[in-house]
file query35.cif (mmCIF, C-alpha atoms and all ligand atoms)
data_data
#
loop_
_atom_site.label_atom_id
_atom_site.label_comp_id
_atom_site.auth_asym_id
_atom_site.auth_seq_id
_atom_site.Cartn_x
_atom_site.Cartn_y
_atom_site.Cartn_z
CA MET X 25 19.10 -18.72 24.38
CA HIS X 26 17.94 -18.36 20.78
CA ILE X 27 15.11 -20.90 20.47
CA LYS X 28 15.11 -22.84 17.21
CA THR X 29 13.75 -26.33 18.06
CA THR X 30 10.68 -27.85 19.70
CA LYS X 31 12.95 -29.20 22.46
CA ALA X 32 14.16 -25.69 23.21
CA LEU X 33 10.54 -24.46 23.31
CA VAL X 34 9.82 -26.99 26.06
CA ALA X 35 13.04 -26.15 27.93
CA ALA X 36 12.13 -22.45 27.85
CA GLY X 37 8.70 -23.18 29.31
CA LEU X 38 6.92 -21.89 26.19
CA VAL X 39 5.05 -25.15 25.53
CA ALA X 40 4.22 -27.96 27.95
CA ASP X 41 5.32 -30.66 25.52
CA ALA X 42 6.34 -30.96 21.91
CA ALA X 43 3.53 -33.35 20.94
CA GLY X 44 2.49 -32.61 17.38
CA LEU X 45 4.90 -29.70 17.01
CA ASP X 46 7.65 -31.67 15.29
CA ALA X 47 5.30 -31.98 12.29
CA VAL X 48 4.92 -28.18 12.32
CA ALA X 49 8.69 -27.65 12.69
CA ALA X 50 9.31 -29.95 9.72
CA LYS X 51 7.31 -27.52 7.53
CA TYR X 52 7.97 -24.10 9.02
CA ALA X 53 11.05 -22.77 10.79
CA ILE X 54 11.03 -21.86 14.49
CA GLY X 55 12.90 -18.82 15.79
CA ILE X 56 12.46 -16.91 19.04
CA THR X 57 15.16 -14.52 20.21
CA PRO X 58 16.00 -14.04 23.92
CA ALA X 59 14.46 -10.54 23.74
CA ILE X 60 11.14 -11.93 22.54
CA SER X 61 11.21 -14.93 24.89
CA ALA X 62 11.60 -12.50 27.80
CA LEU X 63 8.41 -10.65 26.76
CA ILE X 64 6.20 -13.76 26.79
CA ASP X 65 3.96 -14.25 29.82
CA ARG X 66 4.12 -18.03 30.42
CA ASP X 67 1.03 -17.85 32.64
CA ASP X 68 -1.18 -16.34 29.95
CA PRO X 69 -2.43 -18.94 27.44
CA THR X 70 -3.58 -16.10 25.17
CA ASP X 71 -0.39 -14.04 25.35
CA PRO X 72 -0.25 -11.96 22.13
CA ILE X 73 3.54 -12.18 21.85
CA ALA X 74 3.52 -15.98 22.21
CA ARG X 75 0.77 -16.21 19.62
CA GLN X 76 3.01 -14.54 17.04
CA PHE X 77 6.08 -16.72 17.57
CA VAL X 78 5.29 -20.00 19.37
CA PRO X 79 4.19 -22.68 16.87
CA THR X 80 0.90 -24.55 17.29
CA THR X 81 -0.67 -27.53 15.57
CA ALA X 82 -3.26 -25.13 14.07
CA GLU X 83 -0.57 -24.46 11.43
CA LEU X 84 -1.04 -27.96 10.06
CA LYS X 85 -4.48 -27.02 8.78
CA THR X 86 -4.40 -25.45 5.35
CA THR X 87 -7.46 -24.07 3.59
CA ALA X 88 -8.31 -24.26 -0.11
CA ASP X 89 -7.69 -20.53 -0.67
CA GLU X 90 -4.17 -20.53 0.84
CA ARG X 91 -1.15 -20.36 -1.45
CA VAL X 92 2.57 -21.14 -1.24
CA ASP X 93 3.35 -17.70 -2.75
CA PRO X 94 0.38 -15.63 -1.54
CA ILE X 95 1.46 -12.23 -2.86
CA GLY X 96 2.83 -13.56 -6.14
CA ASP X 97 6.53 -12.69 -5.78
CA LEU X 98 7.59 -15.39 -8.22
CA ALA X 99 5.44 -14.03 -11.04
CA HIS X 100 7.41 -10.76 -10.92
CA SER X 101 10.94 -12.03 -10.41
CA PRO X 102 13.08 -11.34 -13.50
CA VAL X 103 16.30 -12.50 -11.79
CA GLU X 104 16.95 -14.33 -8.52
CA GLY X 105 16.43 -12.06 -5.52
CA ILE X 106 14.56 -9.28 -7.40
CA VAL X 107 10.79 -8.71 -7.42
CA HIS X 108 9.81 -5.96 -9.89
CA ARG X 109 6.07 -5.49 -9.43
CA TYR X 110 5.71 -1.70 -9.81
CA PRO X 111 7.65 0.46 -12.28
CA ASP X 112 9.52 2.70 -9.83
CA ARG X 113 10.68 0.19 -7.23
CA VAL X 114 12.03 -3.31 -6.72
CA LEU X 115 12.38 -5.69 -3.82
CA LEU X 116 15.92 -6.95 -3.28
CA LYS X 117 15.70 -10.17 -1.29
CA ALA X 118 19.33 -10.73 -0.36
CA VAL X 119 18.64 -13.19 2.41
CA HIS X 120 15.81 -15.54 3.39
CA VAL X 121 16.73 -15.96 7.04
CA CYS X 122 15.14 -14.14 10.01
CA PRO X 123 16.02 -13.90 13.71
CA VAL X 124 12.42 -14.86 14.51
CA TYR X 125 9.92 -16.84 12.48
CA CYS X 126 6.46 -15.32 12.66
CA ARG X 127 3.74 -17.96 12.63
CA PHE X 128 1.67 -15.88 10.16
CA CYS X 129 4.56 -15.12 7.78
CA PHE X 130 3.48 -14.49 4.19
CA ARG X 131 6.78 -15.88 2.89
CA ARG X 132 6.90 -18.85 5.25
CA GLU X 133 7.49 -21.29 2.39
CA MET X 134 10.61 -19.33 1.33
CA VAL X 135 12.25 -18.29 4.61
CA GLY X 136 14.13 -20.34 7.20
CA PRO X 137 17.08 -22.72 7.20
CA GLN X 138 15.42 -24.81 4.48
CA GLY X 139 14.27 -21.74 2.57
CA LEU X 140 15.80 -19.97 -0.41
CA GLY X 141 18.97 -19.08 1.54
CA THR X 142 21.22 -16.10 0.85
CA LEU X 143 22.00 -14.82 -2.63
CA THR X 144 25.30 -16.15 -3.93
CA PRO X 145 27.86 -13.51 -5.01
CA SER X 146 26.99 -14.06 -8.68
CA GLU X 147 23.24 -13.85 -7.96
CA LEU X 148 23.80 -10.60 -6.07
CA ASP X 149 25.87 -9.28 -9.01
CA ALA X 150 23.00 -10.11 -11.38
CA ALA X 151 20.44 -8.48 -9.07
CA ILE X 152 22.49 -5.26 -8.79
CA ALA X 153 23.09 -5.29 -12.56
CA TYR X 154 19.32 -5.54 -13.10
CA ILE X 155 18.75 -2.47 -10.90
CA ALA X 156 21.52 -0.55 -12.68
CA ALA X 157 20.06 -1.41 -16.09
CA HIS X 158 16.54 -0.15 -15.25
CA SER X 159 16.61 3.62 -14.97
CA GLU X 160 12.96 3.73 -13.85
CA ILE X 161 13.92 2.18 -10.48
CA TRP X 162 13.84 5.01 -7.94
CA GLU X 163 13.58 2.90 -4.79
CA VAL X 164 15.17 -0.37 -3.71
CA ILE X 165 13.45 -2.23 -0.86
CA LEU X 166 15.65 -4.69 1.01
CA THR X 167 13.46 -7.40 2.45
CA GLY X 168 13.62 -11.14 2.64
CA GLY X 169 13.91 -12.69 5.12
CA ASP X 170 15.21 -9.96 7.35
CA PRO X 171 18.06 -7.96 5.77
CA LEU X 172 19.37 -6.85 9.18
CA VAL X 173 20.60 -10.38 9.89
CA LEU X 174 23.42 -9.49 7.50
CA SER X 175 26.60 -8.19 9.08
CA PRO X 176 27.37 -4.46 8.80
CA ARG X 177 30.17 -5.41 6.39
CA ARG X 178 27.75 -7.20 4.04
CA LEU X 179 25.16 -4.44 4.31
CA ARG X 180 27.78 -1.81 3.56
CA GLU X 181 28.87 -3.72 0.46
CA ILE X 182 25.31 -3.65 -0.87
CA MET X 183 24.82 0.02 0.00
CA VAL X 184 28.10 1.03 -1.65
CA ARG X 185 27.00 -0.70 -4.82
CA LEU X 186 23.57 0.96 -4.73
CA ALA X 187 25.25 4.33 -4.11
CA ASP X 188 26.90 3.97 -7.53
CA ILE X 189 23.53 3.77 -9.29
CA ALA X 190 22.47 7.37 -9.97
CA HIS X 191 18.75 6.72 -10.55
CA VAL X 192 18.27 4.93 -7.20
CA MET X 193 17.40 7.65 -4.69
CA ILE X 194 15.75 5.73 -1.85
CA VAL X 195 16.79 2.53 -0.09
CA ARG X 196 14.21 1.04 2.25
CA PHE X 197 14.78 -1.82 4.70
CA HIS X 198 11.96 -3.97 6.07
CA THR X 199 12.94 -5.53 9.36
CA ARG X 200 11.88 -6.86 12.73
CA VAL X 201 15.40 -6.59 14.20
CA PRO X 202 15.01 -3.32 16.19
CA VAL X 203 12.24 -5.03 18.17
CA VAL X 204 13.29 -8.69 18.27
CA GLU X 205 17.08 -8.31 18.52
CA PRO X 206 17.62 -4.66 19.49
CA ASP X 207 21.26 -4.99 20.52
CA ARG X 208 22.15 -5.77 16.89
CA VAL X 209 21.36 -2.16 16.04
CA ASP X 210 24.70 -0.63 16.94
CA ALA X 211 26.71 2.24 15.48
CA ALA X 212 28.36 0.02 12.86
CA MET X 213 25.01 -1.30 11.68
CA ILE X 214 23.49 2.18 11.44
CA GLU X 215 26.44 3.52 9.43
CA ALA X 216 26.16 0.52 7.11
CA LEU X 217 22.51 1.33 6.35
CA LYS X 218 23.41 4.70 4.86
CA ALA X 219 24.92 5.54 1.50
CA SER X 220 26.20 8.76 0.07
CA GLY X 221 23.50 10.63 -1.88
CA LYS X 222 20.71 8.21 -0.94
CA THR X 223 17.97 8.47 1.65
CA THR X 224 17.48 5.45 3.90
CA TYR X 225 14.05 4.49 5.16
CA LEU X 226 13.46 1.57 7.49
CA ALA X 227 10.07 -0.07 8.06
CA VAL X 228 9.89 -1.47 11.58
CA HIS X 229 7.64 -4.53 11.77
CA ALA X 230 5.74 -4.81 15.09
CA ASN X 231 2.22 -5.96 15.89
CA HIS X 232 1.69 -5.37 19.60
CA PRO X 233 2.71 -2.45 21.83
CA ARG X 234 4.38 -4.83 24.30
CA GLU X 235 7.03 -5.56 21.66
CA PHE X 236 8.46 -2.13 22.50
CA SER X 237 10.70 -3.07 25.41
CA ASP X 238 13.13 -0.49 26.78
CA SER X 239 15.87 -2.02 24.62
CA ALA X 240 13.68 -1.86 21.51
CA ARG X 241 12.85 1.79 22.18
CA ALA X 242 16.55 2.53 22.60
CA ALA X 243 17.41 0.76 19.32
CA VAL X 244 14.74 2.75 17.49
CA ALA X 245 16.06 5.99 19.00
CA ARG X 246 19.60 5.14 17.83
CA LEU X 247 18.31 4.65 14.29
CA VAL X 248 16.38 7.93 14.18
CA ASP X 249 19.22 9.87 15.80
CA GLY X 250 21.57 8.21 13.31
CA GLY X 251 19.68 9.68 10.35
CA VAL X 252 17.40 6.82 9.30
CA VAL X 253 13.76 7.67 8.60
CA LEU X 254 11.36 5.18 10.21
CA VAL X 255 7.92 3.99 9.13
CA SER X 256 5.86 1.15 10.57
CA GLN X 257 4.57 -2.11 9.21
CA SER X 258 2.04 -4.28 11.05
CA VAL X 259 -0.27 -7.16 10.30
CA LEU X 260 -3.82 -7.22 11.62
CA LEU X 261 -3.89 -10.52 13.49
CA LYS X 262 -6.71 -12.30 15.28
CA GLY X 263 -5.79 -12.81 18.93
CA VAL X 264 -2.89 -10.33 18.74
CA ASN X 265 -4.13 -6.84 17.84
CA ASP X 266 -7.74 -7.28 16.66
CA ASP X 267 -9.27 -4.85 19.12
CA VAL X 268 -9.28 -1.09 18.92
CA GLU X 269 -7.51 -0.51 22.26
CA THR X 270 -4.50 -2.62 21.28
CA LEU X 271 -4.35 -1.23 17.77
CA ALA X 272 -4.60 2.36 19.01
CA SER X 273 -1.91 1.73 21.59
CA LEU X 274 0.36 0.15 18.94
CA MET X 275 -0.01 3.08 16.55
CA LYS X 276 0.54 5.63 19.31
CA THR X 277 3.61 3.71 20.46
CA PHE X 278 5.02 3.96 16.95
CA VAL X 279 4.47 7.73 16.85
CA GLU X 280 5.90 8.24 20.35
CA ASN X 281 9.02 6.45 19.15
CA ARG X 282 9.30 8.61 16.02
CA ILE X 283 8.03 5.90 13.68
CA LYS X 284 5.37 7.11 11.25
CA PRO X 285 2.55 4.52 10.96
CA TYR X 286 2.53 3.30 7.37
CA TYR X 287 1.02 -0.10 6.53
CA LEU X 288 -1.48 -2.24 8.40
CA HIS X 289 -1.69 -5.40 6.34
CA HIS X 290 -4.67 -7.69 6.12
CA PRO X 291 -3.12 -11.14 6.68
CA ASP X 292 -2.12 -12.88 3.47
CA LEU X 293 -3.38 -16.30 2.42
CA ALA X 294 -0.22 -18.07 3.61
CA PRO X 295 -0.51 -21.81 4.31
CA GLY X 296 -1.57 -22.79 7.83
CA THR X 297 -2.48 -19.25 8.95
CA SER X 298 -6.30 -19.22 8.85
CA HIS X 299 -6.44 -18.95 12.67
CA PHE X 300 -4.93 -15.45 12.34
CA ARG X 301 -7.38 -14.10 9.77
CA MET X 302 -10.50 -12.03 10.37
CA SER X 303 -12.87 -10.81 7.68
CA ILE X 304 -12.12 -7.65 5.75
CA ALA X 305 -15.39 -6.15 7.09
CA GLU X 306 -14.12 -6.69 10.65
CA GLY X 307 -10.79 -5.09 9.72
CA GLN X 308 -12.54 -2.10 8.16
CA ALA X 309 -14.65 -1.62 11.29
CA LEU X 310 -11.48 -1.57 13.40
CA VAL X 311 -9.75 0.91 11.13
CA ARG X 312 -12.84 3.15 11.19
CA ALA X 313 -12.89 3.02 14.99
CA LEU X 314 -9.20 4.03 15.02
CA ARG X 315 -10.04 7.15 13.03
CA GLY X 316 -12.22 8.50 15.84
CA ARG X 317 -9.83 7.57 18.54
CA ILE X 318 -6.30 8.64 17.69
CA SER X 319 -4.49 11.47 15.96
CA GLY X 320 -4.26 11.58 12.19
CA LEU X 321 -0.51 11.28 12.67
CA ALA X 322 -1.07 7.78 14.06
CA GLN X 323 -3.32 6.44 11.29
CA PRO X 324 -1.98 3.54 9.19
CA THR X 325 -3.20 2.60 5.71
CA TYR X 326 -5.13 -0.69 5.73
CA ILE X 327 -3.74 -2.77 2.88
CA LEU X 328 -4.53 -5.97 1.05
CA ASP X 329 -1.90 -7.58 -1.15
CA ILE X 330 -4.07 -8.87 -3.96
CA PRO X 331 -3.33 -12.61 -4.33
CA GLY X 332 -1.51 -13.52 -7.51
CA GLY X 333 0.96 -10.65 -7.52
CA HIS X 334 -1.40 -7.83 -8.53
CA GLY X 335 0.00 -5.48 -5.89
CA LYS X 336 -1.41 -3.61 -2.94
CA ALA X 337 -4.90 -2.13 -2.58
CA ASP X 338 -6.04 0.35 0.06
CA ILE X 339 -9.03 -1.41 1.66
CA GLY X 340 -9.87 1.10 4.39
CA ALA X 341 -13.62 1.62 3.97
CA SER X 342 -14.40 4.60 1.78
CA THR X 343 -16.11 7.44 3.64
CA ILE X 344 -17.56 9.13 0.58
CA THR X 345 -20.38 8.06 -1.76
CA GLY X 346 -22.43 9.75 -4.45
CA GLY X 347 -21.28 11.88 -7.36
CA ASP X 348 -22.29 14.63 -9.82
CA GLY X 349 -21.36 17.32 -7.31
CA CYS X 350 -23.44 15.84 -4.48
CA PHE X 351 -21.66 13.53 -2.09
CA THR X 352 -22.44 11.88 1.21
CA VAL X 353 -19.49 11.81 3.62
CA ARG X 354 -19.40 9.65 6.76
CA ASP X 355 -17.61 11.05 9.82
CA TRP X 356 -15.65 9.03 12.37
CA GLN X 357 -18.83 8.34 14.40
CA GLY X 358 -20.57 6.85 11.36
CA ILE X 359 -22.86 9.90 10.93
CA GLU X 360 -23.50 10.90 7.33
CA HIS X 361 -23.30 14.49 6.04
CA SER X 362 -24.00 15.85 2.59
CA TYR X 363 -21.26 17.68 0.72
CA ALA X 364 -22.52 19.62 -2.30
CA PRO X 365 -20.31 22.62 -3.03
CA ASP X 366 -21.72 25.20 -5.50
S1 LIG Q 1 10.39 -11.41 10.05
FE1 LIG Q 1 9.14 -11.11 8.16
S2 LIG Q 1 9.97 -12.57 6.67
FE2 LIG Q 1 10.70 -13.19 8.71
S3 LIG Q 1 9.24 -14.68 9.46
FE3 LIG Q 1 8.54 -12.68 10.24
S4 LIG Q 1 7.10 -11.93 8.66
FE4 LIG Q 1 8.28 -13.60 7.72
#
call {"tool": "encode", "arguments": {"input": "query35.cif", "output": "structure tokens"}}
result
Amino acid sequence: MHIKTTKALVAAGLVADAAGLDAVAAKYAIGITPAISALIDRDDPTDPIARQFVPTTAELKTTADERVDPIGDLAHSPVEGIVHRYPDRVLLKAVHVCPVYCRFCFRREMVGPQGLGTLTPSELDAAIAYIAAHSEIWEVILTGGDPLVLSPRRLREIMVRLADIAHVMIVRFHTRVPVVEPDRVDAAMIEALKASGKTTYLAVHANHPREFSDSARAAVARLVDGGVVLVSQSVLLKGVNDDVETLASLMKTFVENRIKPYYLHHPDLAPGTSHFRMSIAEGQALVRALRGRISGLAQPTYILDIPGGHGKADIGASTITGGDGCFTVRDWQGIEHSYAPD
């Protein structure tokens, strides 16, 4: 059963009672797919999968620094559904619905049944016209919401229209579907993600190695074998993946499944999510520890979306200091070495 209400959470044994949760549900959507429900250990009160998807009353607490639009999408939206923050790429947010609703979601005020919905045909026309009119746009990133909730027919329509725009070379999808609803990734879906003359990338969002069930691994394999290039996207989350063993295992799981680790996000200042956030210094220490532990192939880039819409910054701690030809470089064990080439 696809869980969408507090009553269904109780019936599925994911919470003992719904006390206090109706107030959470009134603000933020609930969504847990059967695949994710099956991964949750009901006997573990600290289960990292449950923590990502099962609502708690902690979400009712907002802090002064939290914002409705934490990464500043609205400030860079020239037409409905488009975010044009950097010159060479745009976000195309065709849909604001997801199969699951992550409790830490950075767009939680926009997604869900009461969110911004799906673009109307005329809004989609205007969004595609905007892309066609801006020759500097090299990459279109379909996000939302989760674009893979759209049917293969709808996805194909979008891809066919993007295929007609000569300056668009790359189409990238950001999605949780291969992990949370793997059976959706069938041959029709994979064909729909591709367009003549364009390269399709897909960023798989996962935060804990246990999300990679056998079905999820099979869905990912179908995508890679079908010609889609995969990269990863994760969020560093307190109580989910904030220890080096889990993080290392997650990154290695990506690589083993032919997904190149890409972004590890510091959690955004989304309302009611302070219980997921650690300090940036703690995040940097974790990322440094990863460096000494796992292959360079498995290293993600630790990223902060600067609040207010100023874009992404690489916040992995710098390992080099000094200047004027004489530097000090720190190795993965924290030991400093001088580097002063003649
Ligand atoms: S899938 Fe993405 S957009 Fe949807 S709730 Fe999770 S983080 Fe938010």
call {"tool": "atom_distance", "arguments": {"input": "query35.cif", "atom1": "CA of Ser159 (chain X)", "atom2": "CA of Val228 (chain X)"}}
result
27.9 Å
call {"tool": "closest_residue", "arguments": {"input": "query35.cif", "among": "X:Ser362, X:Gln76, X:Gln138, X:Ser146", "to": "Asn231 (chain X)", "atoms": "only C-alpha atoms"}}
result
X:Gln76
call {"tool": "axis_aligned_box", "arguments": {"input": "query35.cif", "around": "ligand LIG 1 (chain Q)", "padding_each_side": "8 Å", "output": "AutoDock Vina command-line options"}}
result
--center_x 8.9 --center_y -12.9 --center_z 8.5 --size_x 19.6 --size_y 19.6 --size_z 19.6
call {"tool": "closest_residue", "arguments": {"input": "query35.cif", "among": "X:Leu254, X:His26, X:Val107, X:Phe300", "to": "Thr80 (chain X)", "atoms": "all atoms listed in the file"}}
result
X:Phe300
call {"tool": "residues_near_ligand", "arguments": {"input": "query35.cif", "ligand": "ligand LIG 1 (chain Q)", "cutoff": "6 Å", "atoms": "all atoms listed in the file", "output": "list in words"}}
result
Cys122, Val124, Tyr125, Cys126, Cys129, Arg131, Arg132, Gly168, Gly169, Asp170 and Arg200 of chain X
call {"tool": "closest_residue", "arguments": {"input": "query35.cif", "among": "X:Lys336, X:His232, X:His361, X:Arg312", "to": "Arg75 (chain X)", "atoms": "only C-alpha atoms"}}
result
X:His232
call {"tool": "residues_around", "arguments": {"input": "query35.cif", "residues": "Asp266 (chain X)", "least_positions_apart": "4", "cutoff": "10 Å", "atoms": "all atoms listed in the file", "output": "ChimeraX atom specification"}}
result
/X:259-262,270-271,300-302,306-307,310
call {"tool": "build_atoms", "arguments": {"input": "query35.cif", "residues": "region 291-309 of chain X", "atoms": "N, CA and C atoms", "output": "CSV table (one decimal), in the frame of the given file"}}
result
chain,number,residue,atom,x,y,z
X,291,PRO,N,-4.0,-10.0,6.8
X,291,PRO,CA,-3.1,-11.1,6.7
X,291,PRO,C,-3.3,-11.8,5.3
X,292,ASP,N,-2.1,-12.2,4.8
X,292,ASP,CA,-2.1,-12.9,3.5
X,292,ASP,C,-2.6,-14.3,3.6
X,293,LEU,N,-2.9,-14.9,2.4
X,293,LEU,CA,-3.4,-16.3,2.4
X,293,LEU,C,-2.2,-17.3,2.4
X,294,ALA,N,-1.4,-17.2,3.5
X,294,ALA,CA,-0.2,-18.1,3.6
X,294,ALA,C,-0.7,-19.4,4.2
X,295,PRO,N,0.0,-20.5,3.8
X,295,PRO,CA,-0.5,-21.8,4.3
X,295,PRO,C,-0.5,-21.9,5.8
X,296,GLY,N,-1.5,-22.5,6.4
X,296,GLY,CA,-1.6,-22.8,7.8
X,296,GLY,C,-1.7,-21.6,8.7
X,297,THR,N,-2.4,-20.5,8.2
X,297,THR,CA,-2.5,-19.2,9.0
X,297,THR,C,-3.9,-18.8,9.1
X,298,SER,N,-4.9,-19.7,8.8
X,298,SER,CA,-6.3,-19.2,8.8
X,298,SER,C,-6.7,-18.8,10.3
X,299,HIS,N,-6.1,-19.3,11.3
X,299,HIS,CA,-6.4,-19.0,12.7
X,299,HIS,C,-6.1,-17.5,13.0
X,300,PHE,N,-5.3,-16.9,12.1
X,300,PHE,CA,-4.9,-15.4,12.3
X,300,PHE,C,-5.8,-14.5,11.6
X,301,ARG,N,-6.7,-15.0,10.7
X,301,ARG,CA,-7.4,-14.1,9.8
X,301,ARG,C,-8.8,-13.8,10.3
X,302,MET,N,-9.1,-12.5,10.2
X,302,MET,CA,-10.5,-12.0,10.4
X,302,MET,C,-11.0,-11.6,9.0
X,303,SER,N,-12.3,-11.2,9.0
X,303,SER,CA,-12.9,-10.8,7.7
X,303,SER,C,-12.4,-9.4,7.4
X,304,ILE,N,-12.5,-9.0,6.1
X,304,ILE,CA,-12.1,-7.6,5.8
X,304,ILE,C,-13.1,-6.7,6.4
X,305,ALA,N,-14.4,-7.0,6.5
X,305,ALA,CA,-15.4,-6.2,7.1
X,305,ALA,C,-15.0,-5.9,8.6
X,306,GLU,N,-14.5,-6.9,9.2
X,306,GLU,CA,-14.1,-6.7,10.6
X,306,GLU,C,-12.9,-5.8,10.7
X,307,GLY,N,-12.0,-6.0,9.8
X,307,GLY,CA,-10.8,-5.1,9.7
X,307,GLY,C,-11.2,-3.7,9.4
X,308,GLN,N,-12.1,-3.5,8.5
X,308,GLN,CA,-12.5,-2.1,8.2
X,308,GLN,C,-13.2,-1.4,9.4
X,309,ALA,N,-14.0,-2.2,10.1
X,309,ALA,CA,-14.6,-1.6,11.3
X,309,ALA,C,-13.6,-1.2,12.3
